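Undergrad: Structure in C-alpha cells, see below.
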Amino acid sequence: MKQTAMWDEVDNKLKRSYEFEDFREAFAFMTRVADVAEQMNHHPWWSNVYNKVEFELTTHDAGDTVTEKDKQLAEAIDTIYDDFDDL
C-alpha cells in the first residue's frame, strides 16, 4: 500500500491520490481524516471510488488559494496515511 507520490499544487489547489487494498480500507482512512479535518475546522474536497481516495485542498475564505491551513491539513493526511499503513 505504500506510495511515494507527493502533493501537487495545481490551479490553486493541493492535490493527491491514495490507493488502498479495498473499499473498507479506503473508507477507514477517510474516517480518520474526517476526524482531523473537523478538529482543524478545515474540510477537504475529496472523492472516493472503490479503493482510491482523491483530495483537493484549498481555502475558500482566502479566495480559493492554497494557504498554511491547506499545508497543515495535507501534512496531517500524510501522517494518517503513514500511521494507517503501519496497522
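Residue numbering restarts at 1 in every chain; chains get A, B, ... in the order shown in the C-alpha cells, and ligands count up from 1 in that same order.
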Step one, run DSSP on the backbone; step two, keep only residues of chain A assigned to alpha helix (DSSP H); then write them as number ranges by chain.

TA: A: 23-40, 68-85

Undergrad: Could you build a table of the residues in range 40-69 of chain A lying no more than 10 Å from range 17-27 of chain A, giving for each the nearest pair of atoms and their separation in Å rounded to one decimal place, using only C-alpha atoms, ordered by chain and ascending residue number, as JSON lines?

TA:
{"residue": "A:Trp46", "atom": "CA", "partner": "A:Ser17", "partner_atom": "CA", "distance": 9.4}
{"residue": "A:Ser47", "atom": "CA", "partner": "A:Ser17", "partner_atom": "CA", "distance": 9.4}
{"residue": "A:Asn48", "atom": "CA", "partner": "A:Ala26", "partner_atom": "CA", "distance": 7.8}
{"residue": "A:Val49", "atom": "CA", "partner": "A:Phe23", "partner_atom": "CA", "distance": 7.8}
{"residue": "A:Tyr50", "atom": "CA", "partner": "A:Phe23", "partner_atom": "CA", "distance": 4.7}
{"residue": "A:Asn51", "atom": "CA", "partner": "A:Phe23", "partner_atom": "CA", "distance": 4.6}
{"residue": "A:Lys52", "atom": "CA", "partner": "A:Glu19", "partner_atom": "CA", "distance": 4.5}
{"residue": "A:Val53", "atom": "CA", "partner": "A:Tyr18", "partner_atom": "CA", "distance": 5.3}
{"residue": "A:Glu54", "atom": "CA", "partner": "A:Ser17", "partner_atom": "CA", "distance": 4.3}
{"residue": "A:Phe55", "atom": "CA", "partner": "A:Ser17", "partner_atom": "CA", "distance": 6.3}
{"residue": "A:Glu56", "atom": "CA", "partner": "A:Ser17", "partner_atom": "CA", "distance": 9.1}

Undergrad: When you look at range 69-77 of chain A with a cut-off of 12 Å (counting only C-alpha atoms), what residues show up, excluding the ones that are within fewer than 2 positions of it in the same chain? I need them as a ChimeraX atom specification.

TA: /A:6-9,12-18,29-46,53-62,64-67,79-84

Undergrad: Generate a file of the selected residues that holds N, CA and C atoms, formatted as a tab-separated table (two decimals), in the first residue's frame.

TA:
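Dumped everything to selection.tsv:
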chain	number	residue	atom	x	y	z
A	6	MET	N	3.70	12.68	-3.96
A	6	MET	CA	3.60	13.83	-3.08
A	6	MET	C	2.40	14.68	-3.51
A	7	TRP	N	2.13	15.70	-2.74
A	7	TRP	CA	1.08	16.65	-3.09
A	7	TRP	C	1.56	17.50	-4.26
A	8	ASP	N	0.65	17.74	-5.21
A	8	ASP	CA	0.92	18.62	-6.34
A	8	ASP	C	0.08	19.87	-6.18
A	9	GLU	N	0.67	21.04	-6.45
A	9	GLU	CA	-0.11	22.27	-6.44
A	9	GLU	C	-0.48	22.61	-7.87
A	12	ASN	N	-4.28	26.46	-7.99
A	12	ASN	CA	-4.52	26.95	-6.63
A	12	ASN	C	-5.13	25.90	-5.71
A	13	LYS	N	-4.75	24.65	-5.91
A	13	LYS	CA	-5.20	23.55	-5.07
A	13	LYS	C	-4.04	22.60	-4.83
A	14	LEU	N	-4.00	22.03	-3.64
A	14	LEU	CA	-3.10	20.91	-3.38
A	14	LEU	C	-3.86	19.64	-3.71
A	15	LYS	N	-3.27	18.78	-4.53
A	15	LYS	CA	-3.95	17.56	-4.98
A	15	LYS	C	-3.09	16.33	-4.69
A	16	ARG	N	-3.78	15.27	-4.31
A	16	ARG	CA	-3.09	14.00	-4.10
A	16	ARG	C	-4.11	12.86	-4.11
A	17	SER	N	-3.66	11.70	-4.54
A	17	SER	CA	-4.48	10.48	-4.53
A	17	SER	C	-3.81	9.41	-3.69
A	18	TYR	N	-4.61	8.58	-3.07
A	18	TYR	CA	-4.13	7.43	-2.29
A	18	TYR	C	-4.90	6.20	-2.75
A	29	PHE	N	-9.67	5.04	6.27
A	29	PHE	CA	-8.75	6.17	6.13
A	29	PHE	C	-9.53	7.48	6.08
A	30	MET	N	-10.59	7.53	5.30
A	30	MET	CA	-11.40	8.74	5.20
A	30	MET	C	-12.02	9.11	6.54
A	31	THR	N	-12.42	8.12	7.31
A	31	THR	CA	-13.00	8.39	8.62
A	31	THR	C	-11.99	9.07	9.53
A	32	ARG	N	-10.76	8.60	9.51
A	32	ARG	CA	-9.72	9.22	10.33
A	32	ARG	C	-9.41	10.64	9.85
A	33	VAL	N	-9.37	10.83	8.55
A	33	VAL	CA	-9.14	12.17	8.01
A	33	VAL	C	-10.29	13.10	8.40
A	34	ALA	N	-11.51	12.60	8.36
A	34	ALA	CA	-12.67	13.42	8.73
A	34	ALA	C	-12.57	13.92	10.16
A	35	ASP	N	-12.11	13.07	11.07
A	35	ASP	CA	-11.95	13.48	12.47
A	35	ASP	C	-10.94	14.63	12.60
A	36	VAL	N	-9.81	14.51	11.92
A	36	VAL	CA	-8.78	15.55	11.98
A	36	VAL	C	-9.26	16.83	11.30
A	37	ALA	N	-9.90	16.71	10.16
A	37	ALA	CA	-10.40	17.88	9.44
A	37	ALA	C	-11.41	18.63	10.29
A	38	GLU	N	-12.25	17.90	11.00
A	38	GLU	CA	-13.23	18.54	11.87
A	38	GLU	C	-12.54	19.27	13.02
A	39	GLN	N	-11.53	18.65	13.60
A	39	GLN	CA	-10.77	19.30	14.68
A	39	GLN	C	-10.09	20.58	14.18
A	40	MET	N	-9.59	20.54	12.95
A	40	MET	CA	-8.91	21.70	12.37
A	40	MET	C	-9.90	22.73	11.81
A	41	ASN	N	-11.17	22.35	11.71
A	41	ASN	CA	-12.20	23.18	11.08
A	41	ASN	C	-11.76	23.59	9.67
A	42	HIS	N	-11.21	22.63	8.97
A	42	HIS	CA	-10.76	22.84	7.59
A	42	HIS	C	-11.06	21.56	6.82
A	43	HIS	N	-12.05	21.62	5.95
A	43	HIS	CA	-12.60	20.42	5.34
A	43	HIS	C	-12.19	20.29	3.88
A	44	PRO	N	-11.70	19.11	3.50
A	44	PRO	CA	-11.23	18.91	2.13
A	44	PRO	C	-12.37	18.64	1.15
A	45	TRP	N	-12.08	18.89	-0.11
A	45	TRP	CA	-12.88	18.30	-1.17
A	45	TRP	C	-12.22	16.96	-1.41
A	46	TRP	N	-13.03	15.91	-1.46
A	46	TRP	CA	-12.47	14.60	-1.73
A	46	TRP	C	-13.46	13.75	-2.48
A	53	VAL	N	-8.83	7.24	-3.02
A	53	VAL	CA	-9.31	8.48	-2.41
A	53	VAL	C	-8.50	9.62	-2.99
A	54	GLU	N	-9.19	10.63	-3.53
A	54	GLU	CA	-8.53	11.79	-4.13
A	54	GLU	C	-8.90	13.04	-3.34
A	55	PHE	N	-7.91	13.90	-3.12
A	55	PHE	CA	-8.10	15.13	-2.36
A	55	PHE	C	-7.78	16.34	-3.21
A	56	GLU	N	-8.49	17.44	-2.93
A	56	GLU	CA	-8.15	18.77	-3.39
A	56	GLU	C	-8.29	19.68	-2.19
A	57	LEU	N	-7.22	20.36	-1.82
A	57	LEU	CA	-7.24	21.26	-0.67
A	57	LEU	C	-7.06	22.70	-1.14
A	58	THR	N	-7.95	23.56	-0.69
A	58	THR	CA	-7.88	24.99	-0.97
A	58	THR	C	-8.65	25.70	0.14
A	59	THR	N	-8.33	26.94	0.38
A	59	THR	CA	-9.01	27.69	1.44
A	59	THR	C	-10.01	28.64	0.80
A	60	HIS	N	-11.29	28.34	0.97
A	60	HIS	CA	-12.35	29.11	0.33
A	60	HIS	C	-12.38	30.56	0.82
A	61	ASP	N	-12.24	30.76	2.13
A	61	ASP	CA	-12.35	32.12	2.66
A	61	ASP	C	-11.10	32.96	2.41
A	62	ALA	N	-10.11	32.39	1.73
A	62	ALA	CA	-8.92	33.15	1.31
A	62	ALA	C	-8.90	33.30	-0.21
A	64	ASP	N	-10.06	30.92	-2.45
A	64	ASP	CA	-9.78	29.65	-3.12
A	64	ASP	C	-8.32	29.54	-3.56
A	65	THR	N	-7.43	29.81	-2.62
A	65	THR	CA	-6.00	29.65	-2.85
A	65	THR	C	-5.43	28.71	-1.79
A	66	VAL	N	-4.23	28.26	-2.01
A	66	VAL	CA	-3.54	27.39	-1.05
A	66	VAL	C	-2.98	28.26	0.07
A	67	THR	N	-3.31	27.91	1.29
A	67	THR	CA	-2.81	28.64	2.46
A	67	THR	C	-2.11	27.66	3.41
A	79	THR	N	0.35	12.00	7.54
A	79	THR	CA	0.64	11.31	8.80
A	79	THR	C	-0.37	10.20	9.06
A	80	ILE	N	-1.64	10.50	8.81
A	80	ILE	CA	-2.68	9.47	8.97
A	80	ILE	C	-2.40	8.31	8.03
A	81	TYR	N	-2.06	8.61	6.79
A	81	TYR	CA	-1.76	7.56	5.83
A	81	TYR	C	-0.58	6.72	6.28
A	82	ASP	N	0.48	7.38	6.74
A	82	ASP	CA	1.67	6.64	7.20
A	82	ASP	C	1.33	5.76	8.41
A	83	ASP	N	0.58	6.30	9.35
A	83	ASP	CA	0.16	5.51	10.51
A	83	ASP	C	-0.77	4.39	10.11
A	84	PHE	N	-1.66	4.66	9.18
A	84	PHE	CA	-2.63	3.67	8.72
A	84	PHE	C	-1.90	2.50	8.09

Undergrad: Return as a PyMOL selection string the full set of residues in chain A whose backbone-based DSSP assignment is strand (DSSP E).

TA: chain A and resi 8-10+13-19+45-49+52-57
